[in-house]
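One structure below.
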Amino acid sequence: MKNLDFEDGRLEDFYSLVSHNVARIRKEKSISQLKLANAIGHTSPTFFGKAEILAEDKHFNLEHLYKIASVLDVDMCEFLKPLN
C-alpha cells in the first residue's frame, strides 16, 4: 500500500474539480442555488455558494452529490470529469 501525503494539495484539487462540475451542471440546467438547496432539503443556498467556491472549507460530501445528481438528473460520474 502506498503511503501518500494528502497535504500536497491533491485533495483540494479534487474538491475544486467536483465543485466546478456541480456549479457548471447546475447552471447548464438553469437551476439556482436556492432551488437546488431546497430540492435536496437545505433551507438556504449559502452552503451551496460556499461549497461551489470552496469558501470556509465547505465542500460537497457523498450524500450531497447523490442528492444533487438525482435532482439534476445526471450520473454522479459527471462530477468527476476532468476540466477541459
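Following the order of the C-alpha cells, chains are lettered A, B, ..., residues in each are numbered from 1, and ligands are numbered from 1.
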
Find the residues around region 44-60 of chain A up to 12 Å (only C-alpha atoms counted), leave out those fewer than 2 positions away in its own chain, and share them as a PDB file with N, CA and C atoms, in the first residue's frame.
```pdb
ATOM      1  N   LEU A  11      -6.043  16.834  -2.550  1.00  0.00           N
ATOM      2  CA  LEU A  11      -7.403  16.766  -2.047  1.00  0.00           C
ATOM      3  C   LEU A  11      -8.162  18.045  -2.386  1.00  0.00           C
ATOM      4  N   GLU A  12      -7.511  19.182  -2.235  1.00  0.00           N
ATOM      5  CA  GLU A  12      -8.143  20.453  -2.592  1.00  0.00           C
ATOM      6  C   GLU A  12      -8.440  20.514  -4.085  1.00  0.00           C
ATOM      7  N   ASP A  13      -7.534  19.971  -4.904  1.00  0.00           N
ATOM      8  CA  ASP A  13      -7.771  19.921  -6.351  1.00  0.00           C
ATOM      9  C   ASP A  13      -9.000  19.064  -6.666  1.00  0.00           C
ATOM     10  N   PHE A  14      -9.148  17.957  -5.949  1.00  0.00           N
ATOM     11  CA  PHE A  14     -10.303  17.080  -6.137  1.00  0.00           C
ATOM     12  C   PHE A  14     -11.592  17.812  -5.765  1.00  0.00           C
ATOM     13  N   TYR A  15     -11.598  18.463  -4.609  1.00  0.00           N
ATOM     14  CA  TYR A  15     -12.777  19.228  -4.197  1.00  0.00           C
ATOM     15  C   TYR A  15     -13.099  20.314  -5.214  1.00  0.00           C
ATOM     16  N   SER A  16     -12.087  20.957  -5.740  1.00  0.00           N
ATOM     17  CA  SER A  16     -12.273  22.013  -6.729  1.00  0.00           C
ATOM     18  C   SER A  16     -12.914  21.466  -8.005  1.00  0.00           C
ATOM     19  N   LEU A  17     -12.440  20.316  -8.454  1.00  0.00           N
ATOM     20  CA  LEU A  17     -12.993  19.671  -9.652  1.00  0.00           C
ATOM     21  C   LEU A  17     -14.474  19.366  -9.456  1.00  0.00           C
ATOM     22  N   VAL A  18     -14.801  18.741  -8.349  1.00  0.00           N
ATOM     23  CA  VAL A  18     -16.189  18.377  -8.068  1.00  0.00           C
ATOM     24  C   VAL A  18     -17.063  19.625  -7.976  1.00  0.00           C
ATOM     25  N   SER A  19     -16.617  20.614  -7.230  1.00  0.00           N
ATOM     26  CA  SER A  19     -17.393  21.840  -7.062  1.00  0.00           C
ATOM     27  C   SER A  19     -17.619  22.555  -8.386  1.00  0.00           C
ATOM     28  N   HIS A  20     -16.570  22.620  -9.190  1.00  0.00           N
ATOM     29  CA  HIS A  20     -16.697  23.256 -10.506  1.00  0.00           C
ATOM     30  C   HIS A  20     -17.750  22.542 -11.345  1.00  0.00           C
ATOM     31  N   ASN A  21     -17.711  21.218 -11.354  1.00  0.00           N
ATOM     32  CA  ASN A  21     -18.650  20.457 -12.165  1.00  0.00           C
ATOM     33  C   ASN A  21     -20.078  20.556 -11.641  1.00  0.00           C
ATOM     34  N   VAL A  22     -20.258  20.577 -10.341  1.00  0.00           N
ATOM     35  CA  VAL A  22     -21.599  20.765  -9.780  1.00  0.00           C
ATOM     36  C   VAL A  22     -22.147  22.113 -10.239  1.00  0.00           C
ATOM     37  N   ALA A  23     -21.360  23.162 -10.092  1.00  0.00           N
ATOM     38  CA  ALA A  23     -21.805  24.505 -10.487  1.00  0.00           C
ATOM     39  C   ALA A  23     -22.086  24.568 -11.986  1.00  0.00           C
ATOM     40  N   ARG A  24     -21.204  23.979 -12.783  1.00  0.00           N
ATOM     41  CA  ARG A  24     -21.381  24.004 -14.240  1.00  0.00           C
ATOM     42  C   ARG A  24     -22.678  23.316 -14.648  1.00  0.00           C
ATOM     43  N   ILE A  25     -22.923  22.132 -14.115  1.00  0.00           N
ATOM     44  CA  ILE A  25     -24.123  21.377 -14.488  1.00  0.00           C
ATOM     45  C   ILE A  25     -25.377  22.087 -13.978  1.00  0.00           C
ATOM     46  N   ARG A  26     -25.321  22.611 -12.767  1.00  0.00           N
ATOM     47  CA  ARG A  26     -26.451  23.350 -12.210  1.00  0.00           C
ATOM     48  C   ARG A  26     -26.804  24.528 -13.113  1.00  0.00           C
ATOM     49  N   LYS A  27     -25.789  25.270 -13.554  1.00  0.00           N
ATOM     50  CA  LYS A  27     -26.019  26.426 -14.420  1.00  0.00           C
ATOM     51  C   LYS A  27     -26.533  25.999 -15.796  1.00  0.00           C
ATOM     52  N   ILE A  31     -30.722  26.061 -12.971  1.00  0.00           N
ATOM     53  CA  ILE A  31     -31.273  25.877 -11.634  1.00  0.00           C
ATOM     54  C   ILE A  31     -30.462  26.740 -10.667  1.00  0.00           C
ATOM     55  N   SER A  32     -31.146  27.544  -9.887  1.00  0.00           N
ATOM     56  CA  SER A  32     -30.466  28.414  -8.926  1.00  0.00           C
ATOM     57  C   SER A  32     -29.956  27.608  -7.737  1.00  0.00           C
ATOM     58  N   GLN A  33     -29.025  28.190  -7.020  1.00  0.00           N
ATOM     59  CA  GLN A  33     -28.537  27.555  -5.800  1.00  0.00           C
ATOM     60  C   GLN A  33     -29.678  27.370  -4.807  1.00  0.00           C
ATOM     61  N   LEU A  34     -30.551  28.343  -4.704  1.00  0.00           N
ATOM     62  CA  LEU A  34     -31.687  28.259  -3.782  1.00  0.00           C
ATOM     63  C   LEU A  34     -32.604  27.100  -4.151  1.00  0.00           C
ATOM     64  N   LYS A  35     -32.935  26.991  -5.415  1.00  0.00           N
ATOM     65  CA  LYS A  35     -33.828  25.916  -5.867  1.00  0.00           C
ATOM     66  C   LYS A  35     -33.194  24.551  -5.628  1.00  0.00           C
ATOM     67  N   LEU A  36     -31.907  24.425  -5.908  1.00  0.00           N
ATOM     68  CA  LEU A  36     -31.222  23.154  -5.694  1.00  0.00           C
ATOM     69  C   LEU A  36     -31.133  22.835  -4.208  1.00  0.00           C
ATOM     70  N   ALA A  37     -30.801  23.833  -3.413  1.00  0.00           N
ATOM     71  CA  ALA A  37     -30.713  23.628  -1.963  1.00  0.00           C
ATOM     72  C   ALA A  37     -32.051  23.141  -1.421  1.00  0.00           C
ATOM     73  N   ASN A  38     -33.128  23.792  -1.820  1.00  0.00           N
ATOM     74  CA  ASN A  38     -34.453  23.382  -1.360  1.00  0.00           C
ATOM     75  C   ASN A  38     -34.810  21.980  -1.835  1.00  0.00           C
ATOM     76  N   ALA A  39     -34.430  21.647  -3.058  1.00  0.00           N
ATOM     77  CA  ALA A  39     -34.769  20.341  -3.627  1.00  0.00           C
ATOM     78  C   ALA A  39     -34.115  19.184  -2.880  1.00  0.00           C
ATOM     79  N   ILE A  40     -32.962  19.439  -2.279  1.00  0.00           N
ATOM     80  CA  ILE A  40     -32.312  18.346  -1.548  1.00  0.00           C
ATOM     81  C   ILE A  40     -32.468  18.476  -0.036  1.00  0.00           C
ATOM     82  N   GLY A  41     -33.291  19.429   0.394  1.00  0.00           N
ATOM     83  CA  GLY A  41     -33.607  19.517   1.808  1.00  0.00           C
ATOM     84  C   GLY A  41     -32.856  20.556   2.614  1.00  0.00           C
ATOM     85  N   HIS A  42     -32.087  21.418   1.963  1.00  0.00           N
ATOM     86  CA  HIS A  42     -31.430  22.525   2.666  1.00  0.00           C
ATOM     87  C   HIS A  42     -32.354  23.738   2.594  1.00  0.00           C
ATOM     88  N   LEU A  62     -20.595  12.853  -0.088  1.00  0.00           N
ATOM     89  CA  LEU A  62     -21.241  11.868  -0.965  1.00  0.00           C
ATOM     90  C   LEU A  62     -22.759  11.967  -0.938  1.00  0.00           C
ATOM     91  N   GLU A  63     -23.326  12.225   0.219  1.00  0.00           N
ATOM     92  CA  GLU A  63     -24.783  12.371   0.295  1.00  0.00           C
ATOM     93  C   GLU A  63     -25.243  13.564  -0.533  1.00  0.00           C
ATOM     94  N   HIS A  64     -24.540  14.681  -0.412  1.00  0.00           N
ATOM     95  CA  HIS A  64     -24.874  15.855  -1.218  1.00  0.00           C
ATOM     96  C   HIS A  64     -24.819  15.499  -2.701  1.00  0.00           C
ATOM     97  N   LEU A  65     -23.734  14.857  -3.110  1.00  0.00           N
ATOM     98  CA  LEU A  65     -23.554  14.543  -4.533  1.00  0.00           C
ATOM     99  C   LEU A  65     -24.621  13.595  -5.043  1.00  0.00           C
ATOM    100  N   TYR A  66     -24.994  12.628  -4.231  1.00  0.00           N
ATOM    101  CA  TYR A  66     -26.056  11.697  -4.626  1.00  0.00           C
ATOM    102  C   TYR A  66     -27.367  12.455  -4.849  1.00  0.00           C
ATOM    103  N   LYS A  67     -27.717  13.305  -3.889  1.00  0.00           N
ATOM    104  CA  LYS A  67     -28.956  14.064  -3.996  1.00  0.00           C
ATOM    105  C   LYS A  67     -28.919  15.059  -5.154  1.00  0.00           C
ATOM    106  N   ILE A  68     -27.795  15.747  -5.306  1.00  0.00           N
ATOM    107  CA  ILE A  68     -27.657  16.713  -6.393  1.00  0.00           C
ATOM    108  C   ILE A  68     -27.762  16.019  -7.743  1.00  0.00           C
ATOM    109  N   ALA A  69     -27.088  14.885  -7.889  1.00  0.00           N
ATOM    110  CA  ALA A  69     -27.155  14.133  -9.145  1.00  0.00           C
ATOM    111  C   ALA A  69     -28.584  13.694  -9.434  1.00  0.00           C
ATOM    112  N   PHE A  79     -19.660  14.576 -12.073  1.00  0.00           N
ATOM    113  CA  PHE A  79     -18.994  15.481 -11.147  1.00  0.00           C
ATOM    114  C   PHE A  79     -17.488  15.238 -11.087  1.00  0.00           C
TER     115      PHE A  79
END
```

Run DSSP on the backbone and give me the residues of chain A it puts in alpha helix (DSSP H), as number ranges by chain.
A: 10-28, 33-39, 46-53, 62-72

Would you mind exporting the chosen residues as a tab-separated table (two decimals), in the first residue's frame, restricted to N, CA and C atoms?
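The resulting out24.tsv:
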```
chain	number	residue	atom	x	y	z
A	10	ARG	N	-3.56	17.82	-3.44
A	10	ARG	CA	-4.36	16.95	-4.30
A	10	ARG	C	-5.82	16.87	-3.85
A	11	LEU	N	-6.04	16.83	-2.55
A	11	LEU	CA	-7.40	16.77	-2.05
A	11	LEU	C	-8.16	18.05	-2.39
A	12	GLU	N	-7.51	19.18	-2.23
A	12	GLU	CA	-8.14	20.45	-2.59
A	12	GLU	C	-8.44	20.51	-4.08
A	13	ASP	N	-7.53	19.97	-4.90
A	13	ASP	CA	-7.77	19.92	-6.35
A	13	ASP	C	-9.00	19.06	-6.67
A	14	PHE	N	-9.15	17.96	-5.95
A	14	PHE	CA	-10.30	17.08	-6.14
A	14	PHE	C	-11.59	17.81	-5.76
A	15	TYR	N	-11.60	18.46	-4.61
A	15	TYR	CA	-12.78	19.23	-4.20
A	15	TYR	C	-13.10	20.31	-5.21
A	16	SER	N	-12.09	20.96	-5.74
A	16	SER	CA	-12.27	22.01	-6.73
A	16	SER	C	-12.91	21.47	-8.01
A	17	LEU	N	-12.44	20.32	-8.45
A	17	LEU	CA	-12.99	19.67	-9.65
A	17	LEU	C	-14.47	19.37	-9.46
A	18	VAL	N	-14.80	18.74	-8.35
A	18	VAL	CA	-16.19	18.38	-8.07
A	18	VAL	C	-17.06	19.62	-7.98
A	19	SER	N	-16.62	20.61	-7.23
A	19	SER	CA	-17.39	21.84	-7.06
A	19	SER	C	-17.62	22.55	-8.39
A	20	HIS	N	-16.57	22.62	-9.19
A	20	HIS	CA	-16.70	23.26	-10.51
A	20	HIS	C	-17.75	22.54	-11.34
A	21	ASN	N	-17.71	21.22	-11.35
A	21	ASN	CA	-18.65	20.46	-12.16
A	21	ASN	C	-20.08	20.56	-11.64
A	22	VAL	N	-20.26	20.58	-10.34
A	22	VAL	CA	-21.60	20.76	-9.78
A	22	VAL	C	-22.15	22.11	-10.24
A	23	ALA	N	-21.36	23.16	-10.09
A	23	ALA	CA	-21.80	24.50	-10.49
A	23	ALA	C	-22.09	24.57	-11.99
A	24	ARG	N	-21.20	23.98	-12.78
A	24	ARG	CA	-21.38	24.00	-14.24
A	24	ARG	C	-22.68	23.32	-14.65
A	25	ILE	N	-22.92	22.13	-14.11
A	25	ILE	CA	-24.12	21.38	-14.49
A	25	ILE	C	-25.38	22.09	-13.98
A	26	ARG	N	-25.32	22.61	-12.77
A	26	ARG	CA	-26.45	23.35	-12.21
A	26	ARG	C	-26.80	24.53	-13.11
A	27	LYS	N	-25.79	25.27	-13.55
A	27	LYS	CA	-26.02	26.43	-14.42
A	27	LYS	C	-26.53	26.00	-15.80
A	28	GLU	N	-25.98	24.91	-16.35
A	28	GLU	CA	-26.44	24.40	-17.65
A	28	GLU	C	-27.92	24.04	-17.59
A	33	GLN	N	-29.03	28.19	-7.02
A	33	GLN	CA	-28.54	27.55	-5.80
A	33	GLN	C	-29.68	27.37	-4.81
A	34	LEU	N	-30.55	28.34	-4.70
A	34	LEU	CA	-31.69	28.26	-3.78
A	34	LEU	C	-32.60	27.10	-4.15
A	35	LYS	N	-32.93	26.99	-5.42
A	35	LYS	CA	-33.83	25.92	-5.87
A	35	LYS	C	-33.19	24.55	-5.63
A	36	LEU	N	-31.91	24.42	-5.91
A	36	LEU	CA	-31.22	23.15	-5.69
A	36	LEU	C	-31.13	22.84	-4.21
A	37	ALA	N	-30.80	23.83	-3.41
A	37	ALA	CA	-30.71	23.63	-1.96
A	37	ALA	C	-32.05	23.14	-1.42
A	38	ASN	N	-33.13	23.79	-1.82
A	38	ASN	CA	-34.45	23.38	-1.36
A	38	ASN	C	-34.81	21.98	-1.84
A	39	ALA	N	-34.43	21.65	-3.06
A	39	ALA	CA	-34.77	20.34	-3.63
A	39	ALA	C	-34.11	19.18	-2.88
A	46	THR	N	-26.81	29.22	1.02
A	46	THR	CA	-25.50	29.67	1.49
A	46	THR	C	-24.46	28.56	1.44
A	47	PHE	N	-24.81	27.37	1.91
A	47	PHE	CA	-23.88	26.25	1.87
A	47	PHE	C	-23.44	25.98	0.44
A	48	PHE	N	-24.39	25.97	-0.50
A	48	PHE	CA	-24.05	25.67	-1.88
A	48	PHE	C	-23.12	26.70	-2.47
A	49	GLY	N	-23.38	27.95	-2.18
A	49	GLY	CA	-22.50	29.01	-2.65
A	49	GLY	C	-21.08	28.82	-2.15
A	50	LYS	N	-20.97	28.50	-0.88
A	50	LYS	CA	-19.65	28.28	-0.28
A	50	LYS	C	-19.00	27.02	-0.82
A	51	ALA	N	-19.78	25.96	-0.98
A	51	ALA	CA	-19.21	24.70	-1.47
A	51	ALA	C	-18.78	24.81	-2.93
A	52	GLU	N	-19.51	25.59	-3.72
A	52	GLU	CA	-19.14	25.76	-5.12
A	52	GLU	C	-17.84	26.53	-5.30
A	53	ILE	N	-17.48	27.38	-4.33
A	53	ILE	CA	-16.22	28.11	-4.44
A	53	ILE	C	-15.23	27.70	-3.34
A	62	LEU	N	-20.59	12.85	-0.09
A	62	LEU	CA	-21.24	11.87	-0.96
A	62	LEU	C	-22.76	11.97	-0.94
A	63	GLU	N	-23.33	12.22	0.22
A	63	GLU	CA	-24.78	12.37	0.30
A	63	GLU	C	-25.24	13.56	-0.53
A	64	HIS	N	-24.54	14.68	-0.41
A	64	HIS	CA	-24.87	15.86	-1.22
A	64	HIS	C	-24.82	15.50	-2.70
A	65	LEU	N	-23.73	14.86	-3.11
A	65	LEU	CA	-23.55	14.54	-4.53
A	65	LEU	C	-24.62	13.60	-5.04
A	66	TYR	N	-24.99	12.63	-4.23
A	66	TYR	CA	-26.06	11.70	-4.63
A	66	TYR	C	-27.37	12.45	-4.85
A	67	LYS	N	-27.72	13.31	-3.89
A	67	LYS	CA	-28.96	14.06	-4.00
A	67	LYS	C	-28.92	15.06	-5.15
A	68	ILE	N	-27.80	15.75	-5.31
A	68	ILE	CA	-27.66	16.71	-6.39
A	68	ILE	C	-27.76	16.02	-7.74
A	69	ALA	N	-27.09	14.88	-7.89
A	69	ALA	CA	-27.15	14.13	-9.15
A	69	ALA	C	-28.58	13.69	-9.43
A	70	SER	N	-29.29	13.27	-8.41
A	70	SER	CA	-30.68	12.84	-8.60
A	70	SER	C	-31.55	14.00	-9.05
A	71	VAL	N	-31.42	15.14	-8.40
A	71	VAL	CA	-32.23	16.31	-8.74
A	71	VAL	C	-31.89	16.83	-10.13
A	72	LEU	N	-30.59	16.85	-10.46
A	72	LEU	CA	-30.17	17.37	-11.76
A	72	LEU	C	-30.29	16.33	-12.87
```

Separation of CA of Asn61 (chain A) and CA of Met1 (chain A), in Å?
25.0 Å

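Distance-wise, CA of Glu78 (chain A) and CA of Phe6 (chain A) end up 23.4 Å apart.
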